[in-house]
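What follows is the content of data.cif (mmCIF, C-alpha atoms).
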data_start
#
loop_
_atom_site.group_PDB
_atom_site.id
_atom_site.type_symbol
_atom_site.label_atom_id
_atom_site.label_comp_id
_atom_site.auth_asym_id
_atom_site.auth_seq_id
_atom_site.Cartn_x
_atom_site.Cartn_y
_atom_site.Cartn_z
ATOM 1 C CA MET A 1 1.031 -17.746 -4.709
ATOM 2 C CA LEU A 2 1.190 -15.214 -7.522
ATOM 3 C CA HIS A 3 -1.717 -12.859 -8.087
ATOM 4 C CA ILE A 4 -3.645 -13.185 -11.318
ATOM 5 C CA ALA A 5 -3.395 -9.431 -11.972
ATOM 6 C CA HIS A 6 0.412 -9.646 -11.798
ATOM 7 C CA ILE A 7 0.446 -12.576 -14.226
ATOM 8 C CA ARG A 8 -2.001 -10.831 -16.576
ATOM 9 C CA GLU A 9 0.079 -7.630 -16.666
ATOM 10 C CA ASN A 10 3.556 -9.253 -16.701
ATOM 11 C CA ARG A 11 3.109 -12.574 -18.491
ATOM 12 C CA GLN A 12 6.530 -12.715 -20.138
ATOM 13 C CA ALA A 13 8.345 -11.379 -17.061
ATOM 14 C CA VAL A 14 6.818 -14.160 -14.926
ATOM 15 C CA ILE A 15 7.830 -16.815 -17.467
ATOM 16 C CA ASP A 16 11.382 -15.425 -17.701
ATOM 17 C CA ALA A 17 11.732 -15.223 -13.911
ATOM 18 C CA LEU A 18 10.632 -18.834 -13.508
ATOM 19 C CA LYS A 19 13.192 -19.890 -16.114
ATOM 20 C CA LYS A 20 15.830 -18.771 -13.596
ATOM 21 C CA ARG A 21 14.542 -21.584 -11.396
ATOM 22 C CA ASN A 22 14.656 -24.023 -14.337
ATOM 23 C CA ILE A 23 10.870 -24.133 -14.599
ATOM 24 C CA ASP A 24 9.154 -23.870 -17.968
ATOM 25 C CA ALA A 25 5.847 -22.326 -16.921
ATOM 26 C CA THR A 26 4.639 -21.143 -20.334
ATOM 27 C CA ALA A 27 1.855 -23.730 -20.622
ATOM 28 C CA VAL A 28 0.610 -23.249 -17.052
ATOM 29 C CA VAL A 29 0.659 -19.451 -17.319
ATOM 30 C CA ASP A 30 -1.241 -19.582 -20.607
ATOM 31 C CA GLU A 31 -3.803 -21.953 -19.097
ATOM 32 C CA VAL A 32 -4.220 -19.647 -16.096
ATOM 33 C CA LEU A 33 -4.837 -16.695 -18.408
ATOM 34 C CA THR A 34 -7.355 -18.716 -20.471
ATOM 35 C CA VAL A 35 -9.259 -19.834 -17.360
ATOM 36 C CA ASP A 36 -9.168 -16.254 -16.027
ATOM 37 C CA GLU A 37 -10.632 -14.875 -19.255
ATOM 38 C CA GLU A 38 -13.403 -17.490 -19.177
ATOM 39 C CA ARG A 39 -14.063 -16.740 -15.499
ATOM 40 C CA ARG A 40 -14.291 -13.020 -16.184
ATOM 41 C CA SER A 41 -16.728 -13.507 -19.074
ATOM 42 C CA THR A 42 -18.844 -15.866 -16.942
ATOM 43 C CA GLN A 43 -18.863 -13.316 -14.112
ATOM 44 C CA GLN A 44 -19.912 -10.586 -16.539
ATOM 45 C CA ALA A 45 -22.751 -12.739 -17.918
ATOM 46 C CA LEU A 46 -23.910 -13.581 -14.385
ATOM 47 C CA ASP A 47 -23.894 -9.929 -13.355
ATOM 48 C CA GLY A 48 -25.895 -8.988 -16.462
ATOM 49 C CA ASN A 49 -28.466 -11.720 -15.794
ATOM 50 C CA LEU A 50 -28.824 -10.694 -12.158
ATOM 51 C CA ALA A 51 -29.411 -7.081 -13.201
ATOM 52 C CA GLU A 52 -31.996 -8.176 -15.774
ATOM 53 C CA ALA A 53 -33.754 -10.415 -13.224
ATOM 54 C CA LYS A 54 -33.947 -7.499 -10.792
ATOM 55 C CA LYS A 55 -35.374 -5.231 -13.499
ATOM 56 C CA VAL A 56 -37.959 -7.828 -14.593
ATOM 57 C CA ALA A 57 -38.980 -8.453 -10.959
ATOM 58 C CA ALA A 58 -39.652 -4.735 -10.509
ATOM 59 C CA GLU A 59 -41.726 -4.674 -13.721
ATOM 60 C CA ILE A 60 -43.903 -7.595 -12.562
ATOM 61 C CA GLY A 61 -45.399 -5.550 -9.726
ATOM 62 C CA MET A 62 -46.091 -2.608 -11.997
ATOM 63 C CA LEU A 63 -47.742 -4.850 -14.614
ATOM 64 C CA PHE A 64 -50.072 -6.395 -12.027
ATOM 65 C CA LYS A 65 -51.011 -2.910 -10.760
ATOM 66 C CA GLN A 66 -51.829 -1.842 -14.313
ATOM 67 C CA GLY A 67 -53.957 -4.945 -14.832
ATOM 68 C CA LYS A 68 -51.720 -6.512 -17.510
ATOM 69 C CA THR A 69 -51.866 -10.058 -16.142
ATOM 70 C CA ASP A 70 -50.700 -11.834 -19.309
ATOM 71 C CA GLU A 71 -47.577 -9.708 -19.586
ATOM 72 C CA ALA A 72 -46.924 -10.092 -15.823
ATOM 73 C CA ASN A 73 -47.160 -13.912 -16.094
ATOM 74 C CA ALA A 74 -44.763 -13.857 -19.074
ATOM 75 C CA ALA A 75 -42.344 -11.734 -17.012
ATOM 76 C CA ARG A 76 -42.698 -14.212 -14.158
ATOM 77 C CA ALA A 77 -41.754 -17.081 -16.484
ATOM 78 C CA ARG A 78 -38.798 -15.031 -17.689
ATOM 79 C CA THR A 79 -37.559 -14.539 -14.090
ATOM 80 C CA GLY A 80 -37.778 -18.311 -13.551
ATOM 81 C CA ASP A 81 -35.644 -18.900 -16.637
ATOM 82 C CA LEU A 82 -33.159 -16.246 -15.480
ATOM 83 C CA LYS A 83 -32.906 -17.818 -12.028
ATOM 84 C CA GLN A 84 -32.135 -21.215 -13.535
ATOM 85 C CA LEU A 85 -29.535 -19.676 -15.865
ATOM 86 C CA ASN A 86 -28.012 -17.769 -12.941
ATOM 87 C CA GLN A 87 -27.665 -20.986 -10.944
ATOM 88 C CA GLU A 88 -25.890 -22.654 -13.868
ATOM 89 C CA LEU A 89 -23.571 -19.659 -14.324
ATOM 90 C CA ASP A 90 -22.872 -19.541 -10.584
ATOM 91 C CA GLY A 91 -21.916 -23.236 -10.560
ATOM 92 C CA LYS A 92 -19.665 -22.736 -13.583
ATOM 93 C CA LEU A 93 -18.100 -19.672 -11.945
ATOM 94 C CA LYS A 94 -17.305 -21.593 -8.744
ATOM 95 C CA GLU A 95 -15.778 -24.416 -10.786
ATOM 96 C CA LEU A 96 -13.603 -21.972 -12.749
ATOM 97 C CA GLU A 97 -12.492 -20.206 -9.559
ATOM 98 C CA SER A 98 -11.433 -23.476 -7.932
ATOM 99 C CA LYS A 99 -9.600 -24.506 -11.112
ATOM 100 C CA MET A 100 -7.808 -21.157 -11.224
ATOM 101 C CA THR A 101 -6.858 -21.397 -7.558
ATOM 102 C CA SER A 102 -5.342 -24.833 -8.078
ATOM 103 C CA LEU A 103 -3.467 -23.629 -11.171
ATOM 104 C CA LEU A 104 -2.155 -20.539 -9.379
ATOM 105 C CA SER A 105 -0.996 -22.618 -6.430
ATOM 106 C CA SER A 106 0.953 -24.865 -8.800
ATOM 107 C CA ILE A 107 3.034 -21.915 -10.033
ATOM 108 C CA PRO A 108 5.938 -21.210 -7.659
ATOM 109 C CA ASN A 109 6.900 -17.705 -6.607
ATOM 110 C CA THR A 110 9.253 -15.854 -8.892
ATOM 111 C CA PRO A 111 12.758 -15.113 -7.655
ATOM 112 C CA HIS A 112 14.019 -11.562 -7.253
ATOM 113 C CA GLU A 113 15.626 -9.902 -10.273
ATOM 114 C CA SER A 114 19.031 -9.985 -8.576
ATOM 115 C CA VAL A 115 18.987 -13.785 -8.270
ATOM 116 C CA PRO A 116 21.299 -15.386 -10.855
ATOM 117 C CA ALA A 117 20.060 -18.213 -13.041
ATOM 118 C CA GLY A 118 21.315 -21.661 -12.108
ATOM 119 C CA LYS A 119 20.429 -25.267 -11.444
ATOM 120 C CA ASP A 120 21.571 -25.595 -7.818
ATOM 121 C CA SER A 121 23.603 -23.926 -5.073
ATOM 122 C CA GLU A 122 26.817 -24.507 -7.005
ATOM 123 C CA ASP A 123 25.747 -21.789 -9.466
ATOM 124 C CA ASN A 124 25.319 -19.157 -6.729
ATOM 125 C CA GLU A 125 27.574 -16.125 -6.771
ATOM 126 C CA ILE A 126 29.684 -15.519 -3.658
ATOM 127 C CA VAL A 127 29.147 -11.864 -2.865
ATOM 128 C CA ARG A 128 31.486 -11.622 0.137
ATOM 129 C CA THR A 129 33.155 -13.777 2.777
ATOM 130 C CA HIS A 130 34.312 -12.887 6.234
ATOM 131 C CA GLY A 131 36.710 -14.960 8.338
ATOM 132 C CA GLU A 132 37.025 -18.707 8.202
ATOM 133 C CA ALA A 133 34.309 -21.245 8.718
ATOM 134 C CA THR A 134 34.571 -23.146 11.994
ATOM 135 C CA PRO A 135 33.013 -26.515 12.810
ATOM 136 C CA ILE A 136 29.521 -26.138 14.181
ATOM 137 C CA SER A 137 30.236 -28.036 17.409
ATOM 138 C CA THR A 138 32.639 -25.321 18.664
ATOM 139 C CA GLN A 139 30.649 -22.257 17.681
ATOM 140 C CA ASP A 140 28.144 -22.097 20.510
ATOM 141 C CA PRO A 141 27.967 -24.031 23.775
ATOM 142 C CA THR A 142 24.177 -24.360 23.457
ATOM 143 C CA LEU A 143 24.409 -26.305 20.178
ATOM 144 C CA GLY A 144 25.767 -29.630 21.278
ATOM 145 C CA ILE A 145 27.690 -31.783 23.742
ATOM 146 C CA ASP A 146 30.896 -31.715 21.693
ATOM 147 C CA HIS A 147 31.782 -28.302 23.074
ATOM 148 C CA PRO A 148 34.507 -28.311 25.738
ATOM 149 C CA LEU A 149 32.325 -26.270 28.124
ATOM 150 C CA TRP A 150 29.382 -28.645 27.959
ATOM 151 C CA PRO A 151 29.871 -30.358 31.375
ATOM 152 C CA HIS A 152 29.949 -26.941 33.073
ATOM 153 C CA ARG A 153 26.619 -25.863 31.675
ATOM 154 C CA PHE A 154 24.692 -27.895 34.242
ATOM 155 C CA ARG A 155 24.847 -27.593 37.995
ATOM 156 C CA ASN A 156 22.417 -29.157 40.471
ATOM 157 C CA GLY A 157 20.178 -30.461 37.725
ATOM 158 C CA ARG A 158 19.625 -27.148 35.946
ATOM 159 C CA GLN A 159 21.315 -25.161 33.238
ATOM 160 C CA ASN A 160 23.787 -22.604 34.459
ATOM 161 C CA HIS A 161 22.710 -19.472 32.622
ATOM 162 C CA ARG A 162 19.962 -16.885 32.863
ATOM 163 C CA ARG A 163 17.049 -18.789 31.404
ATOM 164 C CA ARG A 164 14.350 -19.365 33.955
ATOM 165 C CA VAL A 165 13.905 -23.123 33.878
ATOM 166 C CA PRO A 166 12.340 -25.164 36.674
ATOM 167 C CA HIS A 167 14.985 -27.271 38.334
ATOM 168 C CA LEU A 168 15.158 -30.274 40.600
ATOM 169 C CA HIS A 169 16.453 -30.377 44.183
ATOM 170 C CA GLY A 170 17.795 -33.267 46.175
ATOM 171 C CA GLN A 171 19.959 -36.248 45.330
ATOM 172 C CA ARG A 172 20.149 -37.664 41.808
ATOM 173 C CA GLY A 173 17.851 -35.037 40.429
ATOM 174 C CA GLN A 174 14.813 -36.174 42.463
ATOM 175 C CA ALA A 175 12.220 -33.513 43.133
ATOM 176 C CA THR A 176 11.746 -32.406 46.733
ATOM 177 C CA THR A 177 8.801 -30.517 48.113
ATOM 178 C CA ARG A 178 8.869 -27.702 50.589
ATOM 179 C CA PRO A 179 5.919 -26.572 52.690
ATOM 180 C CA HIS A 180 4.308 -23.305 51.633
ATOM 181 C CA PRO A 181 5.575 -20.482 53.893
ATOM 182 C CA ILE A 182 2.099 -19.020 54.501
ATOM 183 C CA LEU A 183 -0.266 -21.971 54.510
ATOM 184 C CA PRO A 184 -0.204 -24.278 57.534
ATOM 185 C CA GLY A 185 1.349 -27.506 57.079
#
Mind turning the file's structure into structure tokens?
Amino acid sequence: MLHIAHIRENRQAVIDALKKRNIDATAVVDEVLTVDEERRSTQQALDGNLAEAKKVAAEIGMLFKQGKTDEANAARARTGDLKQLNQELDGKLKELESKMTSLLSSIPNTPHESVPAGKDSEDNEIVRTHGEATPISTQDPTLGIDHPLWPHRFRNGRQNHRRRVPHLHGQRGQATTRPHPILPG
């Protein structure tokens, strides 16, 4: 997922990079930036209201100490209004954040600058080749039973190489038990 700061700073570069992948992301990127701007303004308004509510709450105590009950009750009503407004702004902020997260997750990662533009693997550049391609069944004896060495990989019910794999003893691969050498029988 791309970071919003990267999209905000490099809007056109992100759009151009996604065009390499044959994705026209102009509308989605613009919507992300619009939602981000709205989220940032909502966050700023919420922070300002929280600071004001804290300031008014501190003034209420001082007003009661000074005997200004009418002004203290008006400040109390103001804090109630601010709390309700803060709850609304907080709900809107959470909604905008979830919308932005879903929009950002819909934008794929941008390819590296060295990646050529193209529709599929046919448009890839061949940088270098080495040797000839061999069929996959003869490359490694652990890949499949088509390899000529496959029957020799197994002896006595276990693989014949250095992996530590539990193996079976006895006839036809049936497990046999041996008594423990220390414990009585």
Quiz prompt | d(atom CA of A:Leu33, atom CA of A:Met100) in Å | solution =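 Taking atom CA of A:Leu33 and atom CA of A:Met100, their separation equals 9.0 Å.
Counting from atom CA of A:Gln84, the distance to atom CA of A:Asn49 is 10.4 Å.
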Quiz item: Hey, which of A:Asp47, A:Glu37, A:Glu71, A:Asp123 ends up closest to A:Gln87? Count only C-alpha atoms.
Solution: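 Nearest to A:Gln87: A:Asp47.
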Quiz item: What separation in Å, quoted to one decimal, exists between atom CA of A:Asp30 and atom CA of A:Glu9?
Solution: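 Calculated distance between atom CA of A:Asp30 and atom CA of A:Glu9 is 12.7 Å.
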Box centre and edge lengths (Å, one decimal), axis-aligned, stretch 67-84 of chain A plus 5 Å each side, as AutoDock Vina command-line options:
--center_x -43.0 --center_y -13.1 --center_z -15.8 --size_x 31.8 --size_y 26.3 --size_z 17.6
Practice problem: Name the closest residue to A:Ala53 among the candidates A:Leu103, A:Ile7, A:Ile23, A:Leu82; distances are taken between atoms, counting all atoms listed in the file. | Solution: A:Leu82
Quiz item: Any idea what's packed within 12 Å of A:Asp81, counting all atoms listed in the file, ignoring anything in its chain fewer than 5 positions away? Could you give it as number ranges by chain?
Solution: A: 49-50, 52-53, 56, 74-76, 86-88
Practice problem: Evaluate the PyMOL selection byres ((chain A and resi 113) around 12) on the structure here and hand back the selected residues as a ChimeraX atom specification. | Solution: /A:13-14,16-21,110-112,114-117
Residues within 10 Å of A:Val29, please, as a PDB file with C-alpha atoms, keeping the file's coordinate frame. Count only C-alpha atoms; anything in the same chain fewer than 5 positions from it doesn't count.
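After the write, around_22.pdb holds the following:
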ATOM      1  CA  ILE A   4      -3.645 -13.185 -11.318  1.00  0.00           C
ATOM      2  CA  ILE A   7       0.446 -12.576 -14.226  1.00  0.00           C
ATOM      3  CA  ARG A   8      -2.001 -10.831 -16.576  1.00  0.00           C
ATOM      4  CA  ARG A  11       3.109 -12.574 -18.491  1.00  0.00           C
ATOM      5  CA  GLN A  12       6.530 -12.715 -20.138  1.00  0.00           C
ATOM      6  CA  VAL A  14       6.818 -14.160 -14.926  1.00  0.00           C
ATOM      7  CA  ILE A  15       7.830 -16.815 -17.467  1.00  0.00           C
ATOM      8  CA  ASP A  24       9.154 -23.870 -17.968  1.00  0.00           C
ATOM      9  CA  THR A  34      -7.355 -18.716 -20.471  1.00  0.00           C
ATOM     10  CA  VAL A  35      -9.259 -19.834 -17.360  1.00  0.00           C
ATOM     11  CA  LEU A 103      -3.467 -23.629 -11.171  1.00  0.00           C
ATOM     12  CA  LEU A 104      -2.155 -20.539  -9.379  1.00  0.00           C
ATOM     13  CA  ILE A 107       3.034 -21.915 -10.033  1.00  0.00           C
TER      14      ILE A 107
END
Quiz item: If the PyMOL selection byres ((chain A and resi 60) around 9) is run on the structure shown, which residues does it catch, given as a ChimeraX atom specification?
Solution: /A:55-59,61-65,71-73,75-76
Quiz prompt | Test item: residues at most 12 Å from A:Ser102, all atoms listed in the file, excluding those fewer than 4 positions along its chain, as a list in words | solution = Met1, Leu2, Val28, Glu31, Val32, Val35, Glu95, Leu96, Glu97, Ser98, Ser106, Ile107 and Pro108 of chain A
Quiz item: Which one is closest to A:Leu46: A:Lys94, A:Lys99, A:Lys119, A:His6? Count only C-alpha atoms.
Solution: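 Distance minimum relative to A:Leu46 lands on A:Lys94.
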Quiz item: In terms of the shortest atom-to-atom distance over only C-alpha atoms, which of A:Gly118, A:Asp36, A:Ala25, A:Leu89 is closest to A:Ala5?
Solution: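 Between A:Gly118, A:Asp36, A:Ala25, A:Leu89, the residue approaching A:Ala5 most closely is A:Asp36.
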Quiz item: Between A:Ala45, A:Thr26, A:Ser121, A:Gln66, which one has atoms that come closest to A:Leu93, using all atoms listed in the file?
Solution: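 Of A:Ala45, A:Thr26, A:Ser121, A:Gln66, the one nearest A:Leu93, counting all atoms listed in the file, is A:Ala45.
Among the candidates A:Lys54, A:Val127, A:Gly91, A:Glu38, the one nearest to A:Arg78 when counting all atoms listed in the file is A:Lys54.
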